[in-house]
file target09.tsv (TSV, C-alpha atoms)
chain	number	residue	atom	x	y	z
J	223	PRO	CA	36.24	-118.63	38.31
J	224	PHE	CA	39.87	-117.66	37.90
J	225	LYS	CA	41.84	-115.40	35.62
J	226	ILE	CA	45.43	-116.36	34.80
J	227	LYS	CA	47.98	-113.81	33.63
J	228	PHE	CA	51.42	-115.00	32.47
J	229	ASN	CA	54.48	-112.75	32.24
J	230	ASN	CA	54.91	-113.74	28.60
J	231	LYS	CA	52.57	-115.05	25.92
J	232	VAL	CA	52.10	-118.81	26.09
J	233	SER	CA	50.10	-121.39	24.20
J	234	ILE	CA	48.00	-123.69	26.37
J	235	PHE	CA	46.84	-127.01	24.87
J	236	GLY	CA	47.57	-125.74	21.37
J	237	LEU	CA	45.47	-122.58	21.59
J	238	PRO	CA	47.04	-119.35	20.21
J	239	GLU	CA	49.62	-117.69	22.44
J	240	ALA	CA	48.43	-115.06	24.92
J	241	LYS	CA	49.16	-113.76	28.40
J	242	ASP	CA	45.58	-113.73	29.71
J	243	TRP	CA	43.38	-116.79	30.16
J	244	VAL	CA	40.09	-117.48	31.92
J	245	LEU	CA	39.02	-120.54	33.91
J	246	LEU	CA	35.22	-120.59	33.91
J	247	ALA	CA	33.60	-122.43	36.80
J	248	ASN	CA	30.23	-122.81	34.96
J	249	TYR	CA	28.75	-122.12	38.35
J	250	PHE	CA	25.05	-122.39	37.50
J	251	ASP	CA	25.44	-125.06	34.82
J	252	LYS	CA	25.71	-128.51	36.36
J	253	THR	CA	26.39	-130.08	32.93
J	254	ASN	CA	29.34	-127.70	32.45
J	255	LEU	CA	28.51	-127.77	28.73
J	256	ARG	CA	26.50	-124.67	27.88
J	257	ASN	CA	29.41	-122.25	27.44
J	258	TYR	CA	31.49	-124.91	25.68
J	259	LEU	CA	28.76	-125.72	23.14
J	260	ALA	CA	27.96	-122.05	22.48
J	261	TYR	CA	31.61	-121.16	21.85
J	262	LEU	CA	32.07	-124.24	19.66
J	263	THR	CA	29.04	-123.28	17.57
J	264	ALA	CA	29.96	-119.61	17.25
J	265	ASN	CA	33.44	-120.54	16.02
J	266	LYS	CA	31.88	-122.30	13.04
J	267	LEU	CA	30.08	-119.17	11.79
J	268	GLU	CA	32.39	-117.28	9.46
J	269	ASN	CA	30.51	-113.97	9.72
J	270	LEU	CA	31.63	-113.71	13.33
J	271	ASP	CA	35.27	-112.74	13.83
J	272	PHE	CA	37.15	-113.83	16.96
J	273	GLN	CA	35.14	-116.19	19.13
J	274	PRO	CA	36.66	-117.72	22.29
J	275	SER	CA	37.99	-121.25	22.01
J	276	SER	CA	37.81	-123.45	25.08
J	277	ILE	CA	38.91	-126.77	26.51
J	278	PHE	CA	37.95	-128.71	29.67
J	279	VAL	CA	40.55	-129.02	32.42
J	280	ASP	CA	40.74	-130.33	35.97
J	281	VAL	CA	42.00	-127.60	38.29
J	282	TYR	CA	44.22	-128.24	41.30
J	283	LEU	CA	45.44	-125.37	43.47
J	284	ASN	CA	48.15	-126.14	46.04
J	285	ASN	CA	47.38	-129.84	45.56
J	286	GLU	CA	43.69	-129.29	46.37
J	287	TYR	CA	41.18	-130.36	43.71
J	288	PHE	CA	38.95	-127.45	42.75
J	289	GLY	CA	36.84	-129.12	40.09
J	290	LEU	CA	36.16	-129.25	36.36
J	291	TYR	CA	36.72	-125.91	34.64
J	292	LEU	CA	36.51	-124.53	31.12
J	293	LEU	CA	39.78	-122.93	30.04
J	294	CYS	CA	38.90	-120.07	27.67
J	295	GLU	CA	40.55	-117.40	25.62
J	296	GLN	CA	39.81	-114.08	27.28
J	297	ILE	CA	37.75	-111.53	25.37
J	298	GLU	CA	40.26	-108.75	24.90
J	299	VAL	CA	41.87	-106.61	22.24
J	300	ASN	CA	45.11	-108.29	21.18
J	301	THR	CA	46.73	-110.22	18.36
J	302	GLY	CA	44.86	-113.49	17.92
J	303	ARG	CA	41.91	-112.23	19.94
J	304	VAL	CA	39.84	-109.16	18.98
J	305	ASP	CA	42.52	-107.89	16.63
J	306	ILE	CA	41.89	-104.12	16.45
J	307	LYS	CA	44.82	-102.82	18.49
J	308	ASN	CA	46.21	-99.56	17.06
J	309	HIS	CA	43.48	-99.40	14.41
J	310	TYR	CA	42.70	-95.69	14.04
J	311	SER	CA	40.57	-93.55	11.76
J	312	LYS	CA	42.06	-90.73	9.67
J	313	ASN	CA	40.98	-88.37	12.46
J	314	GLY	CA	42.84	-90.39	15.10
J	315	ILE	CA	39.78	-92.08	16.62
J	316	THR	CA	40.56	-95.52	17.99
J	317	SER	CA	38.70	-98.78	17.36
J	318	PHE	CA	36.41	-100.05	20.11
J	319	LEU	CA	35.38	-103.18	21.96
J	320	ILE	CA	32.27	-102.43	24.02
J	321	GLU	CA	29.83	-104.44	26.12
J	322	ALA	CA	26.14	-104.01	26.83
J	323	ASP	CA	26.36	-103.91	30.60
J	324	THR	CA	23.52	-102.74	32.83
J	325	ARG	CA	25.75	-103.08	35.90
J	326	ALA	CA	28.17	-100.39	34.72
J	327	GLN	CA	26.19	-97.66	36.49
J	328	GLU	CA	26.64	-99.46	39.80
J	329	GLU	CA	30.31	-100.19	39.16
J	330	TYR	CA	31.12	-96.61	38.11
J	331	PRO	CA	28.62	-94.33	39.93
J	332	GLY	CA	28.59	-90.79	38.62
J	333	MET	CA	30.92	-91.68	35.72
J	334	GLU	CA	28.47	-91.60	32.79
J	335	ASP	CA	30.16	-90.57	29.52
J	336	LEU	CA	33.47	-91.28	31.23
J	337	CYS	CA	33.44	-94.98	32.13
J	338	TYR	CA	30.18	-95.96	30.45
J	339	ILE	CA	27.64	-94.61	27.95
J	340	LYS	CA	23.85	-94.67	28.09
J	341	THR	CA	21.97	-94.57	24.80
J	342	ASN	CA	18.23	-94.81	24.26
J	343	TYR	CA	18.26	-98.60	24.63
J	344	TYR	CA	21.51	-99.77	26.22
J	345	THR	CA	24.19	-99.09	28.76
J	346	PHE	CA	27.63	-99.76	27.28
J	347	SER	CA	30.89	-100.21	29.16
J	348	PHE	CA	34.27	-100.02	27.45
J	349	LYS	CA	36.71	-102.90	27.12
J	350	TYR	CA	38.90	-101.07	24.62
J	351	PRO	CA	39.92	-98.39	25.24
J	352	ASP	CA	39.78	-99.62	28.83
J	353	ASN	CA	37.85	-97.41	31.26
J	354	ASP	CA	40.17	-98.58	34.05
J	355	ASP	CA	43.07	-97.05	32.10
J	356	TYR	CA	41.15	-93.77	32.18
J	357	LEU	CA	40.79	-93.97	35.96
J	358	GLU	CA	44.51	-94.67	36.27
J	359	ALA	CA	45.28	-91.69	34.03
J	360	LEU	CA	43.15	-89.51	36.32
J	361	GLU	CA	45.17	-90.61	39.34
J	362	GLN	CA	48.41	-89.87	37.52
J	363	ASN	CA	47.08	-86.63	36.00
J	364	ASN	CA	48.05	-87.88	32.53
J	365	GLN	CA	46.30	-85.10	30.65
J	366	ILE	CA	47.33	-86.23	27.17
J	367	PHE	CA	45.77	-89.68	27.67
J	368	ILE	CA	42.69	-88.15	29.33
J	369	ASN	CA	42.06	-85.77	26.41
J	370	GLU	CA	42.46	-88.53	23.82
J	371	TYR	CA	40.22	-90.86	25.79
J	372	LEU	CA	37.44	-88.28	26.20
J	373	ASN	CA	37.61	-87.42	22.50
J	374	ASN	CA	37.23	-91.11	21.63
J	375	ILE	CA	34.28	-91.61	23.99
J	376	SER	CA	32.52	-88.52	22.64
J	377	TRP	CA	32.86	-89.89	19.10
J	378	LEU	CA	31.65	-93.31	20.26
J	379	LYS	CA	28.48	-91.96	21.83
J	380	ASP	CA	27.61	-89.94	18.73
J	381	PHE	CA	28.23	-92.99	16.57
J	382	LEU	CA	26.08	-95.30	18.73
J	383	LEU	CA	23.21	-92.82	18.72
J	384	THR	CA	23.48	-92.65	14.92
J	385	VAL	CA	23.43	-96.45	14.77
J	386	GLU	CA	20.30	-96.56	16.93
J	387	GLU	CA	18.59	-93.96	14.76
J	388	ALA	CA	19.38	-95.98	11.63
J	389	ILE	CA	18.17	-99.25	13.20
J	390	THR	CA	14.94	-97.74	14.50
J	391	SER	CA	14.23	-96.36	11.01
J	392	LYS	CA	13.65	-100.03	10.05
J	393	GLU	CA	15.01	-99.19	6.59
J	394	TYR	CA	17.58	-101.68	5.34
J	395	TYR	CA	19.48	-99.17	3.23
J	396	GLU	CA	19.91	-96.98	6.34
J	397	PHE	CA	20.96	-99.46	9.02
J	398	SER	CA	23.19	-101.50	6.67
J	399	GLU	CA	25.40	-98.41	6.39
J	400	TYR	CA	26.13	-98.53	10.13
J	401	ILE	CA	25.98	-102.19	11.17
J	402	ASP	CA	27.62	-105.36	9.87
J	403	VAL	CA	24.34	-107.09	9.08
J	404	GLU	CA	25.93	-110.51	8.48
J	405	SER	CA	27.50	-110.51	11.95
J	406	PHE	CA	24.17	-109.50	13.52
J	407	VAL	CA	22.45	-112.43	11.79
J	408	ASP	CA	25.01	-115.05	12.89
J	409	TYR	CA	25.22	-113.65	16.41
J	410	TYR	CA	21.44	-113.67	16.69
J	411	LEU	CA	21.10	-117.30	15.61
J	412	VAL	CA	23.61	-118.50	18.22
J	413	GLN	CA	21.91	-116.50	20.97
J	414	GLU	CA	18.42	-117.71	20.01
J	415	PHE	CA	19.46	-121.36	19.71
J	416	PHE	CA	20.82	-121.27	23.26
J	417	LYS	CA	18.07	-118.87	24.41
J	418	ASN	CA	20.47	-116.67	26.33
J	419	VAL	CA	18.74	-114.96	29.25
J	420	ASP	CA	21.34	-112.16	29.44
J	421	ILE	CA	20.54	-110.76	26.01
J	422	GLY	CA	20.01	-107.00	25.93
J	423	ALA	CA	21.55	-106.53	29.37
J	424	LEU	CA	24.90	-108.22	29.98
J	425	SER	CA	27.84	-109.94	28.26
J	426	GLN	CA	26.81	-108.66	24.84
J	427	PHE	CA	29.92	-107.50	22.97
J	428	TYR	CA	30.31	-105.28	19.92
J	429	VAL	CA	33.33	-104.19	17.86
J	430	ILE	CA	33.93	-101.03	15.86
J	431	ASP	CA	37.01	-101.44	13.66
J	432	GLN	CA	38.29	-98.15	12.25
J	433	SER	CA	40.55	-99.94	9.73
J	434	GLN	CA	37.58	-101.14	7.65
J	435	ASP	CA	36.48	-99.33	4.48
J	436	LYS	CA	33.13	-98.76	6.18
J	437	VAL	CA	33.11	-98.13	9.91
J	438	ARG	CA	30.26	-100.25	11.21
J	439	LEU	CA	29.09	-101.90	14.42
J	440	SER	CA	29.81	-105.65	14.45
J	441	CYS	CA	28.42	-108.25	16.84
J	442	GLY	CA	30.50	-110.53	19.01
J	443	PRO	CA	32.30	-112.25	20.55
J	444	VAL	CA	29.64	-114.38	22.25
J	445	TRP	CA	30.05	-114.90	25.99
J	446	ASP	CA	28.37	-116.20	29.15
J	447	PHE	CA	25.78	-118.93	28.61
J	448	ASP	CA	25.79	-120.66	31.99
J	449	ILE	CA	22.15	-119.81	32.76
J	450	ALA	CA	20.93	-120.23	29.17
J	451	ALA	CA	19.18	-123.22	27.59
J	452	GLY	CA	16.78	-124.42	30.27
J	453	VAL	CA	18.35	-123.23	33.49
J	454	ILE	CA	15.52	-120.71	33.84
J	455	ASP	CA	12.37	-122.81	33.73
J	456	LYS	CA	8.65	-122.29	33.17
J	457	THR	CA	7.83	-122.06	36.87
J	458	SER	CA	9.93	-118.92	37.06
J	459	GLU	CA	8.29	-115.81	38.50
J	460	GLU	CA	11.04	-113.30	37.85
J	461	TYR	CA	11.53	-114.40	34.23
J	462	THR	CA	7.97	-114.98	33.07
J	463	HIS	CA	8.53	-113.33	29.69
J	464	TYR	CA	11.67	-115.39	29.10
J	465	ALA	CA	9.93	-118.66	29.93
J	466	ASN	CA	6.80	-117.98	27.89
J	467	THR	CA	8.31	-116.48	24.71
J	468	GLU	CA	9.47	-118.77	21.93
J	469	LEU	CA	11.74	-116.24	20.20
J	470	PHE	CA	12.95	-114.51	23.33
J	471	VAL	CA	16.15	-113.02	21.89
J	472	ARG	CA	14.45	-111.62	18.80
J	473	ASN	CA	11.69	-110.00	20.82
J	474	PHE	CA	13.68	-108.82	23.85
J	475	ASP	CA	16.85	-107.30	22.41
J	476	PRO	CA	16.13	-103.68	21.32
J	477	PHE	CA	18.33	-103.75	18.20
J	478	LEU	CA	16.95	-107.06	16.99
J	479	ARG	CA	13.37	-106.11	17.71
J	480	HIS	CA	13.68	-103.23	15.25
J	481	LEU	CA	15.76	-105.13	12.70
J	482	PHE	CA	13.20	-107.93	12.45
J	483	ALA	CA	10.56	-105.36	11.47
J	484	ASN	CA	12.43	-105.16	8.15
J	485	GLU	CA	11.43	-107.87	5.67
J	486	VAL	CA	14.86	-107.98	4.01
J	487	PHE	CA	16.56	-108.62	7.35
J	488	LEU	CA	14.04	-111.36	8.15
J	489	ALA	CA	14.65	-112.95	4.75
J	490	GLN	CA	18.40	-112.78	5.37
J	491	VAL	CA	17.97	-114.61	8.70
J	492	LYS	CA	15.88	-117.32	7.02
J	493	TYR	CA	18.41	-117.82	4.24
J	494	ARG	CA	21.32	-117.91	6.66
J	495	TYR	CA	19.56	-120.32	9.00
J	496	LYS	CA	19.17	-122.84	6.19
J	497	GLU	CA	22.92	-122.55	5.55
J	498	VAL	CA	24.08	-123.01	9.14
J	499	ARG	CA	21.37	-125.21	10.65
J	500	LYS	CA	23.76	-128.17	10.44
J	501	TYR	CA	25.99	-126.52	13.06
J	502	PHE	CA	23.13	-126.49	15.56
J	503	GLU	CA	22.51	-130.17	14.89
J	504	GLU	CA	26.22	-130.74	15.42
J	505	ALA	CA	25.93	-129.06	18.83
J	506	LEU	CA	23.52	-131.83	19.86
J	507	GLU	CA	26.05	-134.42	18.67
J	508	GLU	CA	28.85	-132.63	20.53
J	509	LEU	CA	26.74	-132.72	23.69
J	510	ASP	CA	26.57	-136.52	23.50
J	511	ILE	CA	30.30	-136.78	22.77
J	512	ALA	CA	31.23	-134.53	25.70
J	513	ARG	CA	28.85	-136.42	27.96
J	514	ASN	CA	30.83	-139.61	27.36
J	515	VAL	CA	34.33	-138.12	27.25
J	516	LEU	CA	33.84	-136.16	30.49
J	517	ASN	CA	32.25	-139.01	32.43
J	518	LEU	CA	35.10	-139.48	34.97
J	519	ALA	CA	35.84	-135.75	35.19
J	520	GLN	CA	32.18	-134.98	35.88
J	521	THR	CA	32.09	-137.63	38.58
J	522	ARG	CA	35.08	-136.01	40.29
J	523	ASN	CA	33.46	-132.59	39.93
J	524	ILE	CA	30.18	-133.77	41.47
J	525	SER	CA	32.12	-135.15	44.44
J	526	ARG	CA	33.62	-131.67	44.93
J	527	TRP	CA	30.49	-129.67	44.14
J	528	PRO	CA	27.54	-131.98	44.87
J	529	LEU	CA	24.09	-131.69	43.37
J	530	THR	CA	22.20	-130.29	46.33
J	531	THR	CA	19.37	-127.96	47.27
J	532	GLU	CA	21.46	-126.28	49.93
J	533	ARG	CA	21.42	-122.55	49.32
J	534	ILE	CA	25.18	-122.21	49.77
J	535	TYR	CA	25.72	-123.95	46.41
J	536	TRP	CA	23.14	-121.96	44.45
J	537	ILE	CA	22.82	-118.37	45.73
J	538	GLU	CA	20.37	-116.43	43.50
J	539	ILE	CA	19.34	-119.36	41.30
J	540	TYR	CA	17.78	-120.93	44.39
J	541	ALA	CA	15.09	-118.29	44.31
J	542	TYR	CA	13.74	-118.60	40.82
J	543	SER	CA	14.42	-121.91	39.11
J	544	ARG	CA	12.59	-124.59	40.99
J	545	LYS	CA	12.57	-127.27	38.28
J	546	TYR	CA	16.28	-126.93	37.59
J	547	LEU	CA	17.15	-126.79	41.27
J	548	TRP	CA	15.48	-130.13	42.01
J	549	LEU	CA	17.19	-132.18	39.33
J	550	ARG	CA	18.77	-135.02	41.28
J	551	SER	CA	21.35	-136.50	38.91
J	552	LEU	CA	23.84	-135.49	36.27
J	553	ASP	CA	21.87	-137.53	33.73
J	554	GLU	CA	18.79	-135.42	34.46
J	555	HIS	CA	20.82	-132.29	33.84
J	556	TYR	CA	22.19	-133.66	30.57
J	557	ASN	CA	18.70	-134.66	29.45
J	558	LEU	CA	17.25	-131.25	30.27
J	559	LEU	CA	19.95	-129.51	28.21
J	560	PHE	CA	19.49	-131.90	25.28
J	561	GLU	CA	15.69	-131.58	25.33
J	562	THR	CA	15.91	-127.78	25.57
J	563	LEU	CA	18.22	-127.51	22.56
J	564	VAL	CA	16.06	-129.92	20.54
J	565	GLU	CA	13.06	-127.71	21.36
J	566	GLN	CA	14.98	-124.57	20.36
J	567	LEU	CA	15.87	-126.18	17.03
J	568	LYS	CA	12.19	-126.93	16.43
J	569	ILE	CA	11.33	-123.31	17.22
J	570	LEU	CA	13.96	-121.99	14.79
J	571	ASP	CA	12.66	-124.42	12.15
J	572	LYS	CA	9.13	-123.21	12.74
J	573	TYR	CA	9.97	-119.57	12.11
J	574	TYR	CA	12.86	-119.71	9.65
J	575	LEU	CA	12.49	-122.83	7.47
call {"tool": "encode", "arguments": {"input": "target09.tsv", "output": "structure tokens"}}
result
Amino acid sequence: PFKIKFNNKVSIFGLPEAKDWVLLANYFDKTNLRNYLAYLTANKLENLDFQPSSIFVDVYLNNEYFGLYLLCEQIEVNTGRVDIKNHYSKNGITSFLIEADTRAQEEYPGMEDLCYIKTNYYTFSFKYPDNDDYLEALEQNNQIFINEYLNNISWLKDFLLTVEEAITSKEYYEFSEYIDVESFVDYYLVQEFFKNVDIGALSQFYVIDQSQDKVRLSCGPVWDFDIAAGVIDKTSEEYTHYANTELFVRNFDPFLRHLFANEVFLAQVKYRYKEVRKYFEEALEELDIARNVLNLAQTRNISRWPLTTERIYWIEIYAYSRKYLWLRSLDEHYNLLFETLVEQLKILDKYYL
């Protein structure tokens, strides 16, 4: 993957202007469609705020063809993205963009409550305010920034612990005071439809906007679906629970596990699913459209990154996804994705219709 940073804000292919852009390689996803379909679906759900838009591009670097990439809006705090910049509470506490990120402890050893927070259920890293800005302030001995940052992080940890206490109470009137329930419902449905293996651990974003009348935890944006929807198969040893659980997201994510114990929340999910089910059906249609439109581009991409069992092209996925690894054609990969999403739709129908 690549990140592109322009000196000035630019619009690419009609997407809103910004300096920062991401080129996703869809490394594990040989269809190249999982991220694209997830972002497309999430953008249709009005209870989710900013969701990344994306478009397929061929990438050439110094006249060398690098393959088919997905050009995406970066998840960041900025106008037209997660728009909470300079949103403060009356007490001067900033708004937040945070990520459930189990790798933060390895990335920032010994920096708990400085560059990441551990609660009872999650490890959260900070995207805004940026923990790298804190490290830079330390180097420069910028004491004013350091004091403000530490005050913000202290407030954030207290707030997240309060949120967890409210959610684990399983009482709707309690947790609805601290979370944007509608965003949790929409976010959940997208994650469950694509059966995202990273749920509860990585690439799970939340926003706290201090400019709202009620300061609550909101879900989103969605991100990182390249090993979702059938990439991890039923022969997996490392992911047995994932492979053998119909409603994996609902049962595995700590917040959702507690929320679904509340009958009102469950009823809200059922009602909402009936409203938005058409968007999941549309994802199946979009898969077929993309399959045809990208035919030549996919052929070029396969010539650059061949379907092979050689370990150099697979790294960790080689070890645990035997069925997926041995798919021999692009058509087989397309069919697996289609069949997986059809099965996920049946599962959602079974529980929520």
call {"tool": "atom_distance", "arguments": {"input": "target09.tsv", "atom1": "atom CA of Trp445 of chain J", "atom2": "atom CA of Glu386 of chain J"}}
result
22.7 Å
call {"tool": "closest_residue", "arguments": {"input": "target09.tsv", "among": "J:Asp553, J:Asp352, J:Glu393, J:Glu334", "to": "Ser376 of chain J", "atoms": "only C-alpha atoms"}}
result
J:Glu334
call {"tool": "closest_residue", "arguments": {"input": "target09.tsv", "among": "J:Thr345, J:Asn363, J:Asn308, J:Ser391", "to": "Leu481 of chain J", "atoms": "all atoms listed in the file"}}
result
J:Ser391
call {"tool": "closest_residue", "arguments": {"input": "target09.tsv", "among": "J:Phe416, J:Leu439, J:Tyr330, J:Leu383", "to": "Tyr400 of chain J", "atoms": "all atoms listed in the file"}}
result
J:Leu439
call {"tool": "residues_around", "arguments": {"input": "target09.tsv", "residues": "Asn523 of chain J", "least_positions_apart": "2", "cutoff": "12 Å", "atoms": "only C-alpha atoms", "output": "list in words"}}
result
Ala247, Asn248, Tyr249, Lys252, Thr253, Asn254, Phe278, Val279, Asp280, Val281, Tyr282, Tyr287, Phe288, Gly289, Leu290, Tyr291, Leu516, Asn517, Leu518, Ala519, Gln520, Thr521, Ser525, Arg526, Trp527, Pro528, Leu529 and Leu552 of chain J
call {"tool": "atom_distance", "arguments": {"input": "target09.tsv", "atom1": "atom CA of Phe470 of chain J", "atom2": "atom CA of Phe482 of chain J"}}
result
12.7 Å
call {"tool": "atom_distance", "arguments": {"input": "target09.tsv", "atom1": "atom CA of Gly422 of chain J", "atom2": "atom CA of Thr341 of chain J"}}
result
12.6 Å
call {"tool": "build_atoms", "arguments": {"input": "target09.tsv", "residues": "segment 497-524 of chain J", "atoms": "N, CA and C atoms", "output": "tab-separated table (two decimals), in the frame of the given file"}}
result
chain	number	residue	atom	x	y	z
J	497	GLU	N	21.51	-122.27	5.79
J	497	GLU	CA	22.92	-122.55	5.55
J	497	GLU	C	23.62	-123.15	6.76
J	498	VAL	N	23.29	-122.66	7.94
J	498	VAL	CA	24.08	-123.01	9.14
J	498	VAL	C	23.34	-123.93	10.10
J	499	ARG	N	22.13	-124.36	9.74
J	499	ARG	CA	21.37	-125.21	10.65
J	499	ARG	C	22.15	-126.45	11.06
J	500	LYS	N	22.98	-126.97	10.16
J	500	LYS	CA	23.76	-128.17	10.44
J	500	LYS	C	24.65	-127.99	11.66
J	501	TYR	N	25.11	-126.76	11.91
J	501	TYR	CA	25.99	-126.52	13.06
J	501	TYR	C	25.23	-126.65	14.38
J	502	PHE	N	23.94	-126.33	14.36
J	502	PHE	CA	23.13	-126.49	15.56
J	502	PHE	C	22.84	-127.97	15.82
J	503	GLU	N	22.64	-128.72	14.73
J	503	GLU	CA	22.51	-130.17	14.89
J	503	GLU	C	23.80	-130.78	15.43
J	504	GLU	N	24.92	-130.25	14.94
J	504	GLU	CA	26.22	-130.74	15.42
J	504	GLU	C	26.41	-130.46	16.91
J	505	ALA	N	25.83	-129.36	17.41
J	505	ALA	CA	25.93	-129.06	18.83
J	505	ALA	C	25.28	-130.16	19.66
J	506	LEU	N	24.18	-130.72	19.16
J	506	LEU	CA	23.52	-131.83	19.86
J	506	LEU	C	24.43	-133.06	19.86
J	507	GLU	N	25.12	-133.30	18.74
J	507	GLU	CA	26.05	-134.42	18.67
J	507	GLU	C	27.23	-134.20	19.61
J	508	GLU	N	27.72	-132.96	19.65
J	508	GLU	CA	28.85	-132.63	20.53
J	508	GLU	C	28.46	-132.80	22.00
J	509	LEU	N	27.21	-132.53	22.32
J	509	LEU	CA	26.74	-132.72	23.69
J	509	LEU	C	26.89	-134.19	24.09
J	510	ASP	N	26.46	-135.09	23.21
J	510	ASP	CA	26.57	-136.52	23.50
J	510	ASP	C	28.03	-136.96	23.61
J	511	ILE	N	28.89	-136.43	22.73
J	511	ILE	CA	30.30	-136.78	22.77
J	511	ILE	C	30.92	-136.35	24.10
J	512	ALA	N	30.67	-135.07	24.46
J	512	ALA	CA	31.23	-134.53	25.70
J	512	ALA	C	30.70	-135.29	26.92
J	513	ARG	N	29.45	-135.68	26.85
J	513	ARG	CA	28.85	-136.42	27.96
J	513	ARG	C	29.63	-137.70	28.25
J	514	ASN	N	30.07	-138.37	27.19
J	514	ASN	CA	30.83	-139.61	27.36
J	514	ASN	C	32.29	-139.35	27.73
J	515	VAL	N	32.92	-138.40	27.03
J	515	VAL	CA	34.33	-138.12	27.25
J	515	VAL	C	34.58	-137.60	28.66
J	516	LEU	N	33.65	-136.81	29.19
J	516	LEU	CA	33.84	-136.16	30.49
J	516	LEU	C	33.29	-136.97	31.66
J	517	ASN	N	32.93	-138.22	31.40
J	517	ASN	CA	32.25	-139.01	32.43
J	517	ASN	C	33.02	-139.03	33.76
J	518	LEU	N	34.31	-139.39	33.74
J	518	LEU	CA	35.10	-139.48	34.97
J	518	LEU	C	35.33	-138.09	35.57
J	519	ALA	N	35.60	-137.11	34.70
J	519	ALA	CA	35.84	-135.75	35.19
J	519	ALA	C	34.59	-135.18	35.86
J	520	GLN	N	33.42	-135.46	35.29
J	520	GLN	CA	32.18	-134.98	35.88
J	520	GLN	C	31.91	-135.66	37.22
J	521	THR	N	32.26	-136.92	37.31
J	521	THR	CA	32.09	-137.63	38.58
J	521	THR	C	32.95	-137.00	39.67
J	522	ARG	N	34.20	-136.69	39.33
J	522	ARG	CA	35.08	-136.01	40.29
J	522	ARG	C	34.50	-134.64	40.67
J	523	ASN	N	33.99	-133.92	39.67
J	523	ASN	CA	33.46	-132.59	39.93
J	523	ASN	C	32.25	-132.62	40.85
J	524	ILE	N	31.37	-133.62	40.63
J	524	ILE	CA	30.18	-133.77	41.47
J	524	ILE	C	30.58	-134.09	42.91
